[in-house]
Structure formats: C-alpha cells, structure tokens
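Below is the file structure.cif, which contains mmCIF, C-alpha atoms and all ligand atoms.
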```
data_target
loop_
_atom_site.label_atom_id
_atom_site.label_comp_id
_atom_site.auth_asym_id
_atom_site.auth_seq_id
_atom_site.Cartn_x
_atom_site.Cartn_y
_atom_site.Cartn_z
CA MET A 1 -88.93 -76.97 -18.21
CA ALA A 2 -88.76 -76.89 -22.02
CA THR A 3 -91.97 -77.80 -23.86
CA LEU A 4 -92.11 -81.50 -24.55
CA MET A 5 -92.82 -82.14 -28.20
CA ILE A 6 -93.18 -85.86 -27.56
CA ASP A 7 -94.01 -87.48 -24.24
CA VAL A 8 -94.32 -91.28 -24.17
CA ARG A 9 -94.89 -92.98 -20.83
CA ASP A 10 -94.77 -96.70 -20.11
CA VAL A 11 -96.13 -97.75 -23.45
CA ALA A 12 -96.83 -101.43 -24.04
CA LYS A 13 -97.98 -103.04 -27.26
CA ARG A 14 -98.49 -106.56 -28.50
CA PHE A 15 -99.63 -108.02 -31.77
CA GLY A 16 -101.36 -111.28 -30.77
CA THR A 17 -98.80 -113.08 -28.63
CA ASN A 18 -95.89 -111.03 -30.00
CA VAL A 19 -94.95 -108.46 -27.36
CA VAL A 20 -93.48 -105.58 -29.38
CA LEU A 21 -93.10 -102.77 -26.81
CA LYS A 22 -92.53 -103.31 -23.09
CA ARG A 23 -93.09 -100.24 -20.90
CA VAL A 24 -91.20 -97.85 -23.14
CA SER A 25 -90.92 -94.17 -22.17
CA LEU A 26 -89.30 -91.31 -24.04
CA GLN A 27 -89.37 -87.54 -23.94
CA LEU A 28 -88.32 -85.19 -26.73
CA PRO A 29 -88.07 -81.45 -26.02
CA ALA A 30 -87.86 -78.76 -28.70
CA GLY A 31 -84.37 -78.14 -30.13
CA LYS A 32 -83.16 -81.74 -29.90
CA ILE A 33 -82.55 -84.69 -32.18
CA LEU A 34 -83.55 -87.98 -30.58
CA GLY A 35 -82.34 -91.16 -32.26
CA LEU A 36 -84.24 -94.40 -31.91
CA ILE A 37 -81.65 -97.05 -32.60
CA GLY A 38 -82.21 -100.76 -32.85
CA PRO A 39 -82.08 -103.83 -35.05
CA SER A 40 -84.80 -104.89 -37.44
CA GLY A 41 -87.97 -105.87 -35.57
CA ALA A 42 -86.94 -104.03 -32.38
CA GLY A 43 -90.18 -102.04 -32.30
CA LYS A 44 -89.02 -98.67 -33.68
CA THR A 45 -91.72 -98.22 -36.31
CA THR A 46 -94.43 -99.41 -33.93
CA LEU A 47 -93.30 -96.81 -31.40
CA VAL A 48 -93.25 -94.07 -34.04
CA LYS A 49 -96.75 -95.02 -35.18
CA ALA A 50 -97.97 -95.04 -31.57
CA VAL A 51 -96.62 -91.49 -31.16
CA LEU A 52 -98.52 -90.41 -34.26
CA GLY A 53 -101.72 -92.12 -33.09
CA MET A 54 -101.57 -94.46 -36.09
CA GLU A 55 -101.23 -97.52 -33.84
CA SER A 56 -103.19 -98.02 -30.62
CA VAL A 57 -101.31 -99.02 -27.46
CA ASP A 58 -102.31 -101.59 -24.84
CA ALA A 59 -100.98 -99.58 -21.88
CA GLY A 60 -99.31 -96.25 -21.16
CA THR A 61 -99.77 -92.86 -22.81
CA THR A 62 -98.36 -91.03 -25.82
CA GLN A 63 -98.72 -87.30 -26.32
CA VAL A 64 -97.48 -84.79 -28.88
CA LEU A 65 -97.41 -81.19 -27.64
CA GLY A 66 -99.51 -82.19 -24.64
CA THR A 67 -102.21 -83.68 -26.88
CA THR A 68 -103.22 -87.29 -27.36
CA MET A 69 -102.93 -88.25 -31.00
CA PRO A 70 -104.43 -88.50 -33.53
CA ASN A 71 -105.25 -84.78 -33.68
CA ARG A 72 -105.59 -82.91 -36.96
CA ALA A 73 -104.27 -79.53 -35.72
CA ILE A 74 -101.16 -81.13 -34.19
CA MET A 75 -100.64 -83.27 -37.31
CA GLN A 76 -100.22 -80.01 -39.27
CA ARG A 77 -97.18 -79.25 -37.11
CA ILE A 78 -95.53 -82.61 -37.78
CA GLY A 79 -93.44 -83.64 -40.77
CA TYR A 80 -93.68 -87.42 -40.99
CA MET A 81 -91.57 -89.56 -43.26
CA ALA A 82 -92.82 -93.14 -43.19
CA GLN A 83 -90.59 -96.16 -43.64
CA SER A 84 -92.08 -96.93 -47.02
CA ASP A 85 -92.53 -94.17 -49.55
CA ALA A 86 -96.13 -93.15 -50.24
CA LEU A 87 -95.74 -91.30 -53.55
CA TYR A 88 -97.86 -90.91 -56.67
CA THR A 89 -95.65 -92.74 -59.13
CA ARG A 90 -97.41 -91.48 -62.27
CA LEU A 91 -96.79 -87.88 -61.25
CA THR A 92 -93.53 -85.95 -61.35
CA ALA A 93 -91.70 -85.06 -58.15
CA ARG A 94 -92.83 -81.45 -58.46
CA GLU A 95 -96.45 -82.57 -58.85
CA ASN A 96 -96.12 -84.76 -55.77
CA LEU A 97 -94.67 -81.87 -53.78
CA ARG A 98 -97.40 -79.54 -55.00
CA PHE A 99 -100.13 -82.07 -54.14
CA PHE A 100 -98.87 -82.71 -50.60
CA GLY A 101 -98.11 -79.02 -50.08
CA GLU A 102 -101.68 -78.07 -51.01
CA LEU A 103 -103.02 -80.73 -48.66
CA LEU A 104 -101.00 -79.00 -45.93
CA GLY A 105 -102.55 -75.65 -46.82
CA LEU A 106 -99.62 -74.12 -48.73
CA ARG A 107 -100.55 -71.97 -51.74
CA GLY A 108 -99.11 -69.74 -54.46
CA GLN A 109 -95.64 -68.25 -54.09
CA HIS A 110 -95.31 -69.67 -50.61
CA LEU A 111 -95.75 -73.20 -51.98
CA THR A 112 -93.39 -72.56 -54.93
CA ALA A 113 -90.67 -71.29 -52.55
CA ALA A 114 -91.21 -74.20 -50.14
CA ILE A 115 -90.87 -76.71 -52.99
CA ALA A 116 -87.66 -75.06 -54.23
CA HIS A 117 -86.14 -75.09 -50.74
CA ALA A 118 -87.12 -78.68 -49.87
CA ALA A 119 -85.90 -79.96 -53.27
CA GLN A 120 -82.57 -78.22 -52.79
CA VAL A 121 -82.07 -79.74 -49.33
CA VAL A 122 -82.41 -83.26 -50.74
CA ASN A 123 -80.57 -82.46 -53.97
CA LEU A 124 -83.49 -83.11 -56.31
CA THR A 125 -83.76 -79.72 -57.98
CA ALA A 126 -82.56 -81.01 -61.35
CA ASP A 127 -84.94 -84.00 -61.26
CA LEU A 128 -88.14 -82.29 -60.15
CA ASP A 129 -89.90 -82.69 -63.47
CA ARG A 130 -89.20 -86.40 -63.88
CA ARG A 131 -91.88 -88.96 -63.15
CA ILE A 132 -91.44 -91.06 -60.02
CA THR A 133 -91.48 -94.23 -62.15
CA ALA A 134 -88.00 -93.12 -63.33
CA TYR A 135 -86.74 -92.51 -59.77
CA SER A 136 -84.32 -94.80 -57.92
CA GLY A 137 -85.09 -96.00 -54.38
CA GLY A 138 -82.76 -93.38 -52.89
CA MET A 139 -84.39 -90.61 -54.94
CA LYS A 140 -87.81 -91.67 -53.65
CA ARG A 141 -86.50 -91.55 -50.07
CA ARG A 142 -85.19 -88.05 -50.74
CA LEU A 143 -88.51 -86.94 -52.19
CA SER A 144 -90.35 -88.34 -49.15
CA LEU A 145 -88.02 -86.32 -46.94
CA ALA A 146 -88.66 -83.19 -49.01
CA ILE A 147 -92.41 -83.70 -48.52
CA ALA A 148 -91.92 -84.04 -44.75
CA LEU A 149 -89.95 -80.74 -44.70
CA LEU A 150 -92.32 -78.81 -46.96
CA HIS A 151 -94.52 -77.04 -44.41
CA ASP A 152 -91.65 -76.14 -42.08
CA PRO A 153 -92.97 -78.36 -39.25
CA ASP A 154 -92.04 -77.93 -35.58
CA LEU A 155 -91.59 -81.67 -35.17
CA LEU A 156 -90.02 -84.05 -37.66
CA ILE A 157 -90.58 -87.78 -37.32
CA LEU A 158 -88.35 -89.61 -39.76
CA ASP A 159 -88.45 -93.40 -40.02
CA GLU A 160 -85.16 -94.56 -41.56
CA PRO A 161 -84.73 -91.40 -43.65
CA THR A 162 -81.34 -92.24 -45.12
CA VAL A 163 -81.87 -95.81 -46.35
CA GLY A 164 -80.50 -96.09 -49.90
CA ILE A 165 -78.92 -92.64 -49.78
CA ASP A 166 -75.24 -92.27 -50.62
CA PRO A 167 -72.79 -91.12 -47.92
CA GLU A 168 -72.25 -87.64 -49.34
CA LEU A 169 -75.92 -86.77 -49.47
CA ARG A 170 -76.44 -88.45 -46.10
CA GLN A 171 -73.98 -85.93 -44.64
CA GLN A 172 -75.87 -83.13 -46.35
CA ILE A 173 -79.17 -84.31 -44.90
CA TRP A 174 -77.70 -84.58 -41.42
CA ALA A 175 -76.30 -81.06 -41.76
CA GLU A 176 -79.83 -79.89 -42.58
CA LEU A 177 -81.23 -81.76 -39.57
CA ASP A 178 -78.62 -80.04 -37.37
CA GLN A 179 -79.70 -76.68 -38.74
CA LEU A 180 -83.38 -77.42 -38.12
CA ARG A 181 -82.57 -78.52 -34.57
CA ASP A 182 -80.63 -75.26 -34.03
CA GLN A 183 -83.74 -73.36 -35.15
CA GLY A 184 -85.62 -75.05 -32.29
CA LYS A 185 -87.28 -77.91 -34.16
CA ALA A 186 -87.58 -81.32 -32.53
CA ILE A 187 -86.54 -84.36 -34.54
CA LEU A 188 -87.22 -88.03 -33.86
CA VAL A 189 -85.27 -90.26 -36.21
CA THR A 190 -85.07 -94.04 -36.40
CA THR A 191 -82.07 -95.80 -37.84
CA HIS A 192 -80.00 -98.92 -37.64
CA VAL A 193 -76.92 -97.09 -38.88
CA MET A 194 -74.75 -96.73 -35.80
CA GLY A 195 -72.72 -93.89 -37.34
CA GLU A 196 -75.86 -91.78 -37.47
CA ALA A 197 -76.49 -92.43 -33.79
CA GLU A 198 -73.40 -90.40 -32.94
CA ARG A 199 -74.99 -87.35 -34.55
CA CYS A 200 -78.07 -87.38 -32.31
CA ASP A 201 -78.32 -85.28 -29.14
CA ASP A 202 -80.04 -88.13 -27.30
CA LEU A 203 -80.43 -91.79 -28.02
CA MET A 204 -82.76 -94.56 -27.10
CA LEU A 205 -81.37 -98.01 -27.80
CA ILE A 206 -84.21 -100.45 -28.30
CA ARG A 207 -84.06 -104.23 -28.67
CA GLY A 208 -86.88 -106.73 -28.41
CA GLY A 209 -89.29 -103.92 -27.49
CA VAL A 210 -87.21 -102.93 -24.46
CA ALA A 211 -85.41 -99.61 -24.05
CA LEU A 212 -81.94 -100.95 -23.29
CA ALA A 213 -80.33 -97.59 -22.60
CA GLN A 214 -81.09 -93.90 -22.96
CA GLY A 215 -78.90 -90.81 -22.84
CA THR A 216 -76.52 -88.67 -24.84
CA PRO A 217 -74.01 -90.57 -27.02
CA ALA A 218 -71.17 -89.38 -24.75
CA THR A 219 -72.93 -90.47 -21.54
CA LEU A 220 -73.83 -93.87 -22.96
CA LYS A 221 -70.25 -94.53 -24.06
CA HIS A 222 -68.87 -93.34 -20.74
CA ASP A 223 -71.33 -95.37 -18.66
CA HIS A 224 -70.62 -98.56 -20.63
CA GLY A 225 -66.87 -97.95 -20.68
CA VAL A 226 -66.62 -98.18 -24.49
CA SER A 227 -65.73 -95.87 -27.36
CA THR A 228 -68.55 -96.36 -29.89
CA ILE A 229 -72.35 -96.56 -29.81
CA GLU A 230 -72.13 -99.91 -31.56
CA GLN A 231 -70.14 -101.24 -28.59
CA VAL A 232 -72.70 -99.75 -26.18
CA PHE A 233 -75.40 -101.59 -28.08
CA LEU A 234 -73.55 -104.90 -28.03
CA LYS A 235 -72.73 -104.60 -24.34
CA ALA A 236 -76.26 -103.56 -23.36
CA GLY A 237 -77.63 -106.42 -25.49
CA ARG A 238 -75.40 -108.97 -23.73
CA MET A 239 -76.56 -107.63 -20.37
CA GLN A 240 -80.17 -108.00 -21.49
CA ASP A 241 -79.55 -111.62 -22.58
CA ALA A 242 -77.75 -112.47 -19.31
CA ASP A 243 -80.61 -110.92 -17.36
CA HIS A 244 -83.08 -113.16 -19.21
CA ARG A 245 -80.97 -116.27 -18.56
CA ASP A 246 -80.78 -115.49 -14.83
CA ARG A 247 -84.55 -115.38 -14.46
N1 LIG A 301 -99.43 -104.64 -37.97
C1 LIG A 301 -98.71 -105.62 -37.43
N2 LIG A 301 -99.25 -106.82 -37.18
C2 LIG A 301 -98.53 -107.81 -36.60
N3 LIG A 301 -97.24 -107.69 -36.24
C3 LIG A 301 -96.63 -106.51 -36.48
C4 LIG A 301 -97.33 -105.40 -37.08
N4 LIG A 301 -96.46 -104.36 -37.18
C5 LIG A 301 -95.30 -104.78 -36.67
N5 LIG A 301 -95.38 -106.06 -36.24
C6 LIG A 301 -94.33 -106.84 -35.60
O1 LIG A 301 -93.82 -106.04 -34.53
C7 LIG A 301 -92.41 -106.23 -34.39
C8 LIG A 301 -91.72 -104.87 -34.43
O2 LIG A 301 -91.87 -104.32 -35.73
P1 LIG A 301 -91.38 -102.84 -36.07
O3 LIG A 301 -91.74 -102.59 -37.49
O4 LIG A 301 -91.89 -101.90 -35.05
O5 LIG A 301 -89.80 -102.98 -35.91
P2 LIG A 301 -88.64 -102.00 -36.37
O6 LIG A 301 -87.73 -101.86 -35.21
O7 LIG A 301 -89.23 -100.75 -36.93
O8 LIG A 301 -87.93 -102.85 -37.51
P3 LIG A 301 -87.27 -102.38 -38.91
O9 LIG A 301 -85.99 -101.70 -38.54
O10 LIG A 301 -87.05 -103.67 -39.65
O11 LIG A 301 -88.26 -101.50 -39.55
C9 LIG A 301 -91.99 -107.17 -35.48
O12 LIG A 301 -91.92 -108.47 -34.90
C10 LIG A 301 -93.12 -107.09 -36.48
O13 LIG A 301 -93.25 -108.30 -37.18
#
```
Can you dump the structure from the file as structure tokens?
Amino acid sequence: MATLMIDVRDVAKRFGTNVVLKRVSLQLPAGKILGLIGPSGAGKTTLVKAVLGMESVDAGTTQVLGTTMPNRAIMQRIGYMAQSDALYTRLTARENLRFFGELLGLRGQHLTAAIAHAAQVVNLTADLDRRITAYSGGMKRRLSLAIALLHDPDLLILDEPTVGIDPELRQQIWAELDQLRDQGKAILVTTHVMGEAERCDDLMLIRGGVALAQGTPATLKHDHGVSTIEQVFLKAGRMQDADHRDR
C-alpha cells in the first residue's frame, strides 16, 4: 500500500460543550490532493491543526508519515499555510521569504532560486521588494502560499489558500497544485468553494464536525445521483438533518 502521508483515525474534539469533531477519519497517500470541504464552523481548521499537532484531540489518533505530531523533523517536510497570514508586515515580501527560508534551513543560491520559483508560482515576482503594509489581502494570501512552497515539502497543508484571490490566478495556483501532486506530493486543502472541490482527487465533506461523505468527486456525484459537488453536499446535509430528527 502507498505510504500514508496523513492518517487520522476516529478523532473527536470538543471545546467546552461545543463538540467540534465527531469520530472523524481520513487518509491521504502521496500523489493525491484531498479536499476538506464544508461550511464555516464545520471543523476544518480544527482538524488541520490536530493533524499538525497544534491542537490536542480528546479521542482517536493523528499521524503524519507514521509519526505522532508535533515532531520537528516531520514538520520540515510539511508546507503549512494557515488560515490567517502570519507575515512580518514591516518587511518586504522578499525579506519575509528569506527569513522563513532560512528558518527552514535554506541558504545561498538554493534559497535565492527557491524564492524566485515560489514568487513566480503565485505571481508576485514584480512585487517582491514592496513592504507587506502595501499588500492587498489576496497578495498576502499568495505570499503565505509562496512561503509554504519554499522548501519543496512532501506534504502541503493549505487552509483556504485561495480566499481573496482572483479567478485567473486561482486557476494558476490549482495548475501548480496539480503539478506538485503529479510529482508525488500529498496535498490537503480546505475550502468552501465548491468549484475547487471538483479539482481534488478525493473529498471529505464535513458539516457540524461529522464527515458526511468521502470519496472521489465522480463517486460522490454518482452515489448521490446528482451532477455537482454542491448538490452532493446539500443532499448529504439534508440526510444528516433527517437522521437527527428521527432520533
Ligand atoms: N480555540 C478554540 N476555542 C473554542 N472554540 C473554538 C476554538 N477553535 C475553534 N473553535 C470552534 O470550533 C468550531 C469549528 O471551528 P473551525 O475553525 O474548525 O471551523 P472551520 O470549518 O475551519 O470554519 P471556517 O471555514 O469558518 O474557517 C467553531 O464552532 C469554532 O467556534
């Protein structure tokens, strides 16, 4: 069986009385894009943080490359783009990239080449020497993505990477994600944009902390007898609500 980059089993999490994840499991092998799709508050970010070992869980297990997180060596192999940008606003984009690149152990020509490549992927080459205070929200998102890509990680974990990014560049970023997947990287991406769901190899639809449905976009549409992922979501959501009412 292919190496599992991420292996989450029966994870449960609550904040006080708010149950945020209910026995959620997911597996991500190398060479796949897994989309975590769900409305605001569904539990996507909490699940991502649990995978990274940034949030403890109440039950179940989460592993990255067979290792329980947090683990410094494994962290070096992950490119993580958080939901909110953590950038040094007084620095330029290039200085941010250099700073994070050095933290990741990149040096000299290798770092310069990595910065040039990552900036080009997110279309920021011409703006690299501007301070972040002059950046728009979408530009900051793009810079955060460039930082996540910088050290050529085996696993990318991207929390809402395309928020505030225009459709043309969004296509460009997805084309890059496809290419990285084809090189054997594993990518976990959260979104509430249904159109992006169609581009994932596998999907997990999550609502109210419950994994409503999992599978390839084609399988999910076929099994629910509908033609879009949005319709799958609506149908699966109605089934979840009916199930609750029947109890
Ligand atoms: N540190 C925390 N303390 C208390 N409650 C939290 C904490 N983090 C998240 N929550 C709650 O957990 C639930 C799930 O939040 P989470 O951020 O995982 O959702 P999400 O699916 O990522 O939503 P969005 O798409 O809006 O980012 C929400 O009800 C949220 O208020």
(message) What residues of the protein or nucleic acid chains come within 6 Å of ligand LIG 301 (chain A) when you use only C-alpha atoms and all ligand atoms? Reply as a PyMOL selection string.
(response) chain A and resi 15+20+39-46
(request) For stretch 119-128 of chain A, list every protein, DNA or RNA residue within 7 Å, evaluated using all atoms listed in the file, and leave out those in the same chain fewer than 3 positions away; present the list as an MDAnalysis selection string. (result) chainID A and resid 92:94 115:116 142 146 173
Keeping only C-alpha atoms, take the residues you just selected and write them out as a PDB file, keeping the file's coordinate frame.
```pdb
ATOM      1  CA  THR A  92     -93.530 -85.950 -61.350  1.00  0.00           C
ATOM      2  CA  ALA A  93     -91.700 -85.060 -58.150  1.00  0.00           C
ATOM      3  CA  ARG A  94     -92.830 -81.450 -58.460  1.00  0.00           C
ATOM      4  CA  ILE A 115     -90.870 -76.710 -52.990  1.00  0.00           C
ATOM      5  CA  ALA A 116     -87.660 -75.060 -54.230  1.00  0.00           C
ATOM      6  CA  ARG A 142     -85.190 -88.050 -50.740  1.00  0.00           C
ATOM      7  CA  ALA A 146     -88.660 -83.190 -49.010  1.00  0.00           C
ATOM      8  CA  ILE A 173     -79.170 -84.310 -44.900  1.00  0.00           C
TER       9      ILE A 173
END
```
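Restricting the calculation to only C-alpha atoms, the smallest distance between A:Thr62 and any of A:Leu177, A:Ile187, A:Leu87, A:Leu28 is found for A:Leu28.
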(request) List every protein, DNA or RNA residue that has at least one atom no more than 12 Å from (-99.1, -87.6, -37.1) in the file's coordinates, counting all atoms listed in the file, and write the result as JSON, numbers by chain. (result) {"A": [6, 48, 49, 50, 51, 52, 53, 54, 55, 62, 63, 64, 65, 67, 68, 69, 70, 71, 72, 73, 74, 75, 76, 77, 78, 79, 80, 81, 82, 148, 153, 155, 156, 157, 158]}
(request) Could you tell me how far atom CA of A:Gly237 lies from atom CA of A:Leu220, in Å and to one decimal? (result) 13.4 Å
(request) Choose the residue, out of A:Gln214, A:Gln83, A:Ser227, A:Asn96, that has the smallest atom-to-atom separation from A:Ser25; count all atoms listed in the file. (result) A:Gln214
(message) From the options A:Leu26, A:Gly38, A:Leu169, A:Leu91, which residue's atoms come nearest to A:Leu205, counting only C-alpha atoms?
(response)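 Closest candidate: A:Gly38.
The two atoms in question, atom CA of A:Tyr88 and atom CA of A:His151, are spaced 18.8 Å apart.
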(request) Excluding A:Ala30 and any residue of its chain fewer than 5 positions from it, enumerate the residues within 9 Å of it, using all atoms listed in the file, and give them as number ranges by chain. (result) A: 2-6, 154-155, 181, 184-187
(request) Just give me the gap between atom CA of A:Glu198 and atom CA of A:Leu143 in Å, one decimal is fine. (result)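 Atom-to-atom, atom CA of A:Glu198 to atom CA of A:Leu143, that is 24.7 Å.
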(message) Using only C-alpha atoms for the distances, tell me which of A:His110, A:His222, A:Arg207, A:Arg98 is nearest to A:Lys22.
(response)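 The answer is A:Arg207, which sits nearest to A:Lys22.
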(request) Select, from A:Val11, A:Val163, A:Ala213, A:Ile33, the residue with the minimum atom-to-atom distance to A:Leu47, counting all atoms listed in the file. (result)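 Result for the nearest residue to A:Leu47: A:Val11.
Of the listed residues (A:Gln171, A:Thr219, A:Gln109, A:Ser84), A:Ser84 comes nearest to A:Gly137; the distances count all atoms listed in the file.
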(request) May I have the residues within 10 Å of A:Val19 as a list of chain:residue names, using all atoms listed in the file and disregarding those fewer than 5 positions away in the same chain? (result)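 That gives A:Ala12, A:Lys13, A:Arg14, A:Gly43, A:Gly208, A:Gly209, A:Val210.
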(request) For A:Pro217, please output as a VMD selection string all residues within 7 Å (counting all atoms listed in the file; exclusion window: fewer than 5 positions along the same chain). (result) chain A and resid 198 202 to 203 229
